[in-house]
$ cat coords.pdb   # PDB, C-alpha atoms and all ligand atoms
ATOM      1  CA  MET A   1      16.732 -16.590  -5.147  1.00  0.00           C
ATOM      2  CA  VAL A   2      14.799 -13.355  -4.951  1.00  0.00           C
ATOM      3  CA  ALA A   3      11.179 -13.545  -5.990  1.00  0.00           C
ATOM      4  CA  ASP A   4      10.279 -11.288  -8.868  1.00  0.00           C
ATOM      5  CA  TYR A   5       7.148 -10.050  -7.152  1.00  0.00           C
ATOM      6  CA  GLU A   6       6.115  -8.722  -3.784  1.00  0.00           C
ATOM      7  CA  VAL A   7       2.794  -9.425  -2.120  1.00  0.00           C
ATOM      8  CA  ILE A   8       1.055  -6.181  -1.218  1.00  0.00           C
ATOM      9  CA  TYR A   9      -1.739  -6.380   1.352  1.00  0.00           C
ATOM     10  CA  PHE A  10      -4.575  -3.905   1.371  1.00  0.00           C
ATOM     11  CA  ALA A  11      -7.392  -2.986   3.677  1.00  0.00           C
ATOM     12  CA  GLU A  12     -10.017  -0.286   3.608  1.00  0.00           C
ATOM     13  CA  ILE A  13     -10.232   1.993   6.616  1.00  0.00           C
ATOM     14  CA  ARG A  14     -13.631   2.954   7.920  1.00  0.00           C
ATOM     15  CA  CYS A  15     -14.788   4.924  10.948  1.00  0.00           C
ATOM     16  CA  TYR A  16     -16.539   3.083  13.806  1.00  0.00           C
ATOM     17  CA  TRP A  17     -18.574   6.107  14.744  1.00  0.00           C
ATOM     18  CA  CYS A  18     -19.753   7.697  11.524  1.00  0.00           C
ATOM     19  CA  GLY A  19     -18.931   5.104   8.877  1.00  0.00           C
ATOM     20  CA  HIS A  20     -16.774   7.567   6.980  1.00  0.00           C
ATOM     21  CA  ASP A  21     -14.492   6.055   4.347  1.00  0.00           C
ATOM     22  CA  CYS A  22     -11.101   7.116   5.700  1.00  0.00           C
ATOM     23  CA  GLY A  23      -8.904   5.657   2.972  1.00  0.00           C
ATOM     24  CA  THR A  24      -6.758   2.563   2.682  1.00  0.00           C
ATOM     25  CA  VAL A  25      -3.700   1.012   4.239  1.00  0.00           C
ATOM     26  CA  ASN A  26      -1.225  -1.291   2.618  1.00  0.00           C
ATOM     27  CA  SER A  27       1.765  -3.285   3.742  1.00  0.00           C
ATOM     28  CA  ARG A  28       4.430  -5.281   1.989  1.00  0.00           C
ATOM     29  CA  GLY A  29       5.230  -8.909   2.555  1.00  0.00           C
ATOM     30  CA  ALA A  30       2.981  -9.414   5.605  1.00  0.00           C
ATOM     31  CA  PRO A  31      -0.725  -8.880   6.264  1.00  0.00           C
ATOM     32  CA  THR A  32      -1.805  -5.443   7.474  1.00  0.00           C
ATOM     33  CA  THR A  33      -3.093  -7.121  10.633  1.00  0.00           C
ATOM     34  CA  ALA A  34       0.251  -8.684  11.557  1.00  0.00           C
ATOM     35  CA  PRO A  35       1.843  -7.043  14.624  1.00  0.00           C
ATOM     36  CA  GLY A  36       4.861  -4.844  14.025  1.00  0.00           C
ATOM     37  CA  VAL A  37       4.285  -4.525  10.315  1.00  0.00           C
ATOM     38  CA  PRO A  38       4.712  -0.934   9.097  1.00  0.00           C
ATOM     39  CA  LEU A  39       1.700   0.328   7.208  1.00  0.00           C
ATOM     40  CA  GLU A  40       1.298   2.973   4.575  1.00  0.00           C
ATOM     41  CA  TYR A  41      -1.858   4.918   5.161  1.00  0.00           C
ATOM     42  CA  HIS A  42      -3.455   6.672   2.223  1.00  0.00           C
ATOM     43  CA  GLY A  43      -6.179   8.990   3.391  1.00  0.00           C
ATOM     44  CA  THR A  44      -9.193   9.907   1.335  1.00  0.00           C
ATOM     45  CA  GLY A  45      -7.999  13.504   1.344  1.00  0.00           C
ATOM     46  CA  GLY A  46      -4.862  12.503  -0.536  1.00  0.00           C
ATOM     47  CA  ASP A  47      -2.450  12.483   2.389  1.00  0.00           C
ATOM     48  CA  SER A  48      -0.144   9.509   2.861  1.00  0.00           C
ATOM     49  CA  ARG A  49       1.929   8.628   5.860  1.00  0.00           C
ATOM     50  CA  ALA A  50       3.518   5.662   7.557  1.00  0.00           C
ATOM     51  CA  VAL A  51       1.824   4.266  10.647  1.00  0.00           C
ATOM     52  CA  ARG A  52       2.684   1.354  12.896  1.00  0.00           C
ATOM     53  CA  SER A  53      -0.902   0.228  13.371  1.00  0.00           C
ATOM     54  CA  ILE A  54      -4.356   1.327  12.319  1.00  0.00           C
ATOM     55  CA  GLY A  55      -4.814   2.461  15.940  1.00  0.00           C
ATOM     56  CA  GLU A  56      -2.806   5.560  15.000  1.00  0.00           C
ATOM     57  CA  ILE A  57      -5.374   6.519  12.394  1.00  0.00           C
ATOM     58  CA  ARG A  58      -8.363   8.619  13.418  1.00  0.00           C
ATOM     59  CA  CYS A  59     -11.374   9.527  11.353  1.00  0.00           C
ATOM     60  CA  ALA A  60     -10.790  12.767   9.458  1.00  0.00           C
ATOM     61  CA  ARG A  61     -14.419  13.801   9.953  1.00  0.00           C
ATOM     62  CA  CYS A  62     -15.233  13.009  13.601  1.00  0.00           C
ATOM     63  CA  ARG A  63     -11.842  11.969  15.040  1.00  0.00           C
ATOM     64  CA  GLY A  64     -13.337   8.578  15.864  1.00  0.00           C
ATOM     65  CA  PRO A  65     -11.551   5.243  15.953  1.00  0.00           C
ATOM     66  CA  VAL A  66     -11.282   3.260  12.742  1.00  0.00           C
ATOM     67  CA  TYR A  67     -11.317  -0.352  11.685  1.00  0.00           C
ATOM     68  CA  ALA A  68     -10.052  -2.195   8.628  1.00  0.00           C
ATOM     69  CA  GLU A  69     -12.274  -4.150   6.289  1.00  0.00           C
ATOM     70  CA  ASN A  70     -12.206  -5.764   2.849  1.00  0.00           C
ATOM     71  CA  HIS A  71      -8.731  -7.157   3.269  1.00  0.00           C
ATOM     72  CA  ASP A  72      -7.172  -7.929  -0.025  1.00  0.00           C
ATOM     73  CA  LYS A  73      -3.789  -8.680  -1.487  1.00  0.00           C
ATOM     74  CA  ARG A  74      -2.174  -8.611  -4.849  1.00  0.00           C
ATOM     75  CA  ARG A  75       1.160  -9.339  -6.378  1.00  0.00           C
ATOM     76  CA  GLU A  76       3.292  -6.452  -7.472  1.00  0.00           C
ATOM     77  CA  TYR A  77       5.756  -7.434 -10.131  1.00  0.00           C
ATOM     78  CA  GLN A  78       9.007  -5.616 -10.474  1.00  0.00           C
ATOM     79  CA  ASN A  79       9.666  -3.830 -13.695  1.00  0.00           C
ATOM     80  CA  PHE A  80      11.610  -5.823 -16.139  1.00  0.00           C
ATOM     81  CA  VAL A  81      15.047  -4.255 -16.614  1.00  0.00           C
ATOM     82  CA  PHE A  82      17.021  -4.699 -19.756  1.00  0.00           C
ATOM     83  CA  ARG A  83      20.495  -5.877 -18.974  1.00  0.00           C
ATOM     84  CA  GLN A  84      22.088  -4.147 -21.896  1.00  0.00           C
ATOM     85  CA  ARG A  85      21.211  -1.501 -24.356  1.00  0.00           C
ATOM     86  CA  ARG A  86      19.676  -2.566 -27.537  1.00  0.00           C
ATOM     87  CA  PRO A  87      22.365  -2.670 -30.216  1.00  0.00           C
ATOM     88  CA  ARG A  88      22.027   0.165 -32.634  1.00  0.00           C
ATOM     89  CA  ARG A  89      22.133  -0.103 -36.305  1.00  0.00           C
ATOM     90  CA  PRO A  90      25.433   1.420 -37.467  1.00  0.00           C
ATOM     91  CA  LYS A  91      25.099   4.715 -39.230  1.00  0.00           C
ATOM     92  CA  VAL A  92      25.643   4.615 -42.921  1.00  0.00           C
ATOM     93  CA  ALA A  93      28.168   7.217 -43.990  1.00  0.00           C
TER      94      ALA A  93
HETATM   95 ZN    ZN B   1     -15.965   9.325  11.744  1.00  0.00          ZN
END
$ encode --input "coords.pdb" --output "structure tokens"
Amino acid sequence: MVADYEVIYFAEIRCYWCGHDCGTVNSRGAPTTAPGVPLEYHGTGGDSRAVRSIGEIRCARCRGPVYAENHDKRREYQNFVFRQRRPRRPKVA
């Protein structure tokens, strides 16, 4: 049976060198620190891209290396889908 929610893992990305808040990463189904897990990187500037590890992310301000902190996770529930249309009241002639 398919679970009706997915666990989404989050971490904040911060620069080692200047402490700049570089954005967040998230992954689905496995922690962001697990090897081989694809990550979605959401930069503070609004850009988003897929990365294979946080090692691919560099600080937008000083090009320094980054680290992840404040790991968190939450459940993301799928939208409930109605199986059939709601029956309509017949029009009165
Ligand atoms: Zn930096």
$ resolve_selection --input "coords.pdb" --expression "the PyMOL selection byres (((chain A and resi 11) around 10) and not hetatm)" --output "list in words"
Tyr9, Phe10, Glu12, Ile13, Arg14, Gly23, Thr24, Val25, Asn26, Ser27, Pro31, Thr32, Thr33, Tyr41, Tyr67, Ala68, Glu69, Asn70, His71, Asp72 and Lys73 of chain A
$ resolve_selection --input "coords.pdb" --expression "the PyMOL selection byres (((chain A and resi 39) around 6) and not hetatm)" --output "list in words"
Asn26, Ser27, Pro38, Glu40, Ala50, Val51 and Arg52 of chain A
$ write_last_selection --input "coords.pdb" --atoms "C-alpha atoms" --output "PDB file, in the coordinates of the input"
ATOM      1  CA  ASN A  26      -1.225  -1.291   2.618  1.00  0.00           C
ATOM      2  CA  SER A  27       1.765  -3.285   3.742  1.00  0.00           C
ATOM      3  CA  PRO A  38       4.712  -0.934   9.097  1.00  0.00           C
ATOM      4  CA  GLU A  40       1.298   2.973   4.575  1.00  0.00           C
ATOM      5  CA  ALA A  50       3.518   5.662   7.557  1.00  0.00           C
ATOM      6  CA  VAL A  51       1.824   4.266  10.647  1.00  0.00           C
ATOM      7  CA  ARG A  52       2.684   1.354  12.896  1.00  0.00           C
TER       8      ARG A  52
END
$ resolve_selection --input "coords.pdb" --expression "the PyMOL selection byres (((not hetatm)) within 6 of (chain B and resi 1))" --output "ChimeraX atom specification"
/A:15,17-20,59,61-64
$ residues_around --input "coords.pdb" --residues "Phe80 of chain A" --least-positions-apart "2" --cutoff "12 Å" --atoms "all atoms listed in the file" --output "number ranges by chain"
A: 4-5, 77-78, 82-83
$ closest_residue --input "coords.pdb" --among "A:Ser53, A:Tyr16, A:Ser48, A:Val7" --to "Val66 of chain A" --atoms "only C-alpha atoms"
A:Tyr16
$ atom_distance --input "coords.pdb" --atom1 "atom CA of Val37 of chain A" --atom2 "atom CA of Glu56 of chain A"
13.2 Å
$ atom_distance --input "coords.pdb" --atom1 "atom CA of Arg58 of chain A" --atom2 "atom CA of Gly29 of chain A"
24.7 Å
$ axis_aligned_box --input "coords.pdb" --around "segment 61-66 of chain A" --padding-each-side "8 Å" --output "lines of an AutoDock Vina configuration file"
center_x = -13.3
center_y = 8.5
center_z = 13.0
size_x = 20.0
size_y = 26.5
size_z = 22.0
$ atom_distance --input "coords.pdb" --atom1 "atom CA of Glu6 of chain A" --atom2 "atom CA of Gly45 of chain A"
26.8 Å
$ decode --input "coords.pdb" --residues "chain A" --atoms "C-alpha atoms" --output "mmCIF file, in the first residue's frame"
data_model
loop_
_atom_site.group_PDB
_atom_site.id
_atom_site.type_symbol
_atom_site.label_atom_id
_atom_site.label_comp_id
_atom_site.auth_asym_id
_atom_site.auth_seq_id
_atom_site.Cartn_x
_atom_site.Cartn_y
_atom_site.Cartn_z
ATOM 1 C CA MET A 1 0.000 0.000 0.000
ATOM 2 C CA VAL A 2 1.230 3.457 -0.882
ATOM 3 C CA ALA A 3 1.565 5.862 2.003
ATOM 4 C CA ASP A 4 -0.530 8.974 1.670
ATOM 5 C CA TYR A 5 2.329 11.224 2.690
ATOM 6 C CA GLU A 6 5.963 11.727 1.845
ATOM 7 C CA VAL A 7 8.636 12.705 4.332
ATOM 8 C CA ILE A 8 10.449 15.822 3.168
ATOM 9 C CA TYR A 9 13.823 16.551 4.761
ATOM 10 C CA PHE A 10 15.137 20.065 5.067
ATOM 11 C CA ALA A 11 18.393 21.702 5.967
ATOM 12 C CA GLU A 12 19.573 25.279 5.990
ATOM 13 C CA ILE A 13 22.677 26.088 3.990
ATOM 14 C CA ARG A 14 25.223 28.435 5.470
ATOM 15 C CA CYS A 15 28.656 29.587 4.341
ATOM 16 C CA TYR A 16 31.742 28.399 6.263
ATOM 17 C CA TRP A 17 33.672 31.526 5.448
ATOM 18 C CA CYS A 18 31.290 34.436 5.834
ATOM 19 C CA GLY A 19 28.266 32.913 7.548
ATOM 20 C CA HIS A 20 25.988 33.994 4.726
ATOM 21 C CA ASP A 21 22.561 32.359 4.672
ATOM 22 C CA CYS A 22 22.691 30.622 1.293
ATOM 23 C CA GLY A 23 19.212 29.108 1.281
ATOM 24 C CA THR A 24 17.833 25.655 1.936
ATOM 25 C CA VAL A 25 17.996 22.164 0.530
ATOM 26 C CA ASN A 26 15.350 19.512 0.679
ATOM 27 C CA SER A 27 15.090 15.883 -0.291
ATOM 28 C CA ARG A 28 12.285 13.380 -0.460
ATOM 29 C CA GLY A 29 12.131 10.084 1.337
ATOM 30 C CA ALA A 30 15.718 10.103 2.660
ATOM 31 C CA PRO A 31 17.733 12.536 4.776
ATOM 32 C CA THR A 32 19.612 15.292 2.953
ATOM 33 C CA THR A 33 22.825 13.841 4.377
ATOM 34 C CA ALA A 34 22.296 10.372 2.904
ATOM 35 C CA PRO A 35 24.730 9.599 0.056
ATOM 36 C CA GLY A 36 23.312 9.545 -3.449
ATOM 37 C CA VAL A 37 20.122 11.326 -2.526
ATOM 38 C CA PRO A 38 19.223 14.059 -5.032
ATOM 39 C CA LEU A 39 18.706 17.419 -3.396
ATOM 40 C CA GLU A 40 16.697 20.428 -4.393
ATOM 41 C CA TYR A 41 18.596 23.572 -3.612
ATOM 42 C CA HIS A 42 16.644 26.764 -3.100
ATOM 43 C CA GLY A 43 18.963 29.725 -2.993
ATOM 44 C CA THR A 44 18.255 32.890 -1.088
ATOM 45 C CA GLY A 45 18.213 34.763 -4.383
ATOM 46 C CA GLY A 46 15.225 32.734 -5.536
ATOM 47 C CA ASP A 47 17.052 30.304 -7.802
ATOM 48 C CA SER A 48 16.332 26.593 -7.493
ATOM 49 C CA ARG A 49 18.259 23.723 -8.947
ATOM 50 C CA ALA A 50 18.935 20.059 -8.381
ATOM 51 C CA VAL A 51 22.262 19.082 -6.850
ATOM 52 C CA ARG A 52 23.720 15.723 -5.917
ATOM 53 C CA SER A 53 25.344 16.941 -2.719
ATOM 54 C CA ILE A 54 25.745 20.182 -0.826
ATOM 55 C CA GLY A 55 29.383 20.112 -1.995
ATOM 56 C CA GLU A 56 28.113 21.435 -5.335
ATOM 57 C CA ILE A 57 26.738 24.536 -3.663
ATOM 58 C CA ARG A 58 28.997 27.548 -3.192
ATOM 59 C CA CYS A 59 28.278 30.708 -1.281
ATOM 60 C CA ALA A 60 26.658 33.309 -3.525
ATOM 61 C CA ARG A 61 28.547 36.111 -1.771
ATOM 62 C CA CYS A 62 32.134 34.855 -1.382
ATOM 63 C CA ARG A 63 32.121 31.570 -3.348
ATOM 64 C CA GLY A 64 33.066 29.760 -0.146
ATOM 65 C CA PRO A 65 32.143 26.228 0.851
ATOM 66 C CA VAL A 66 28.863 25.666 2.651
ATOM 67 C CA TYR A 67 27.513 23.414 5.346
ATOM 68 C CA ALA A 68 24.027 22.297 6.319
ATOM 69 C CA GLU A 69 22.463 22.992 9.681
ATOM 70 C CA ASN A 70 19.083 22.893 11.416
ATOM 71 C CA HIS A 71 18.059 19.630 9.834
ATOM 72 C CA ASP A 72 14.361 19.186 9.916
ATOM 73 C CA LYS A 73 11.697 17.052 8.335
ATOM 74 C CA ARG A 74 8.006 17.204 7.818
ATOM 75 C CA ARG A 75 5.300 15.139 6.269
ATOM 76 C CA GLU A 76 3.820 16.282 3.017
ATOM 77 C CA TYR A 77 0.358 14.929 2.479
ATOM 78 C CA GLN A 78 -0.948 14.374 -0.982
ATOM 79 C CA ASN A 79 -3.979 16.306 -2.024
ATOM 80 C CA PHE A 80 -7.160 14.468 -1.549
ATOM 81 C CA VAL A 81 -8.682 13.661 -4.945
ATOM 82 C CA PHE A 82 -12.356 13.152 -5.409
ATOM 83 C CA ARG A 83 -13.022 9.929 -7.208
ATOM 84 C CA GLN A 84 -16.121 11.154 -8.929
ATOM 85 C CA ARG A 85 -17.796 14.399 -9.626
ATOM 86 C CA ARG A 86 -20.295 15.591 -7.188
ATOM 87 C CA PRO A 87 -23.763 14.742 -8.480
ATOM 88 C CA ARG A 88 -25.575 17.782 -9.694
ATOM 89 C CA ARG A 89 -29.040 18.710 -8.857
ATOM 90 C CA PRO A 90 -31.153 18.176 -11.990
ATOM 91 C CA LYS A 91 -32.312 21.334 -13.649
ATOM 92 C CA VAL A 92 -35.936 22.123 -13.233
ATOM 93 C CA ALA A 93 -37.567 22.813 -16.572
#
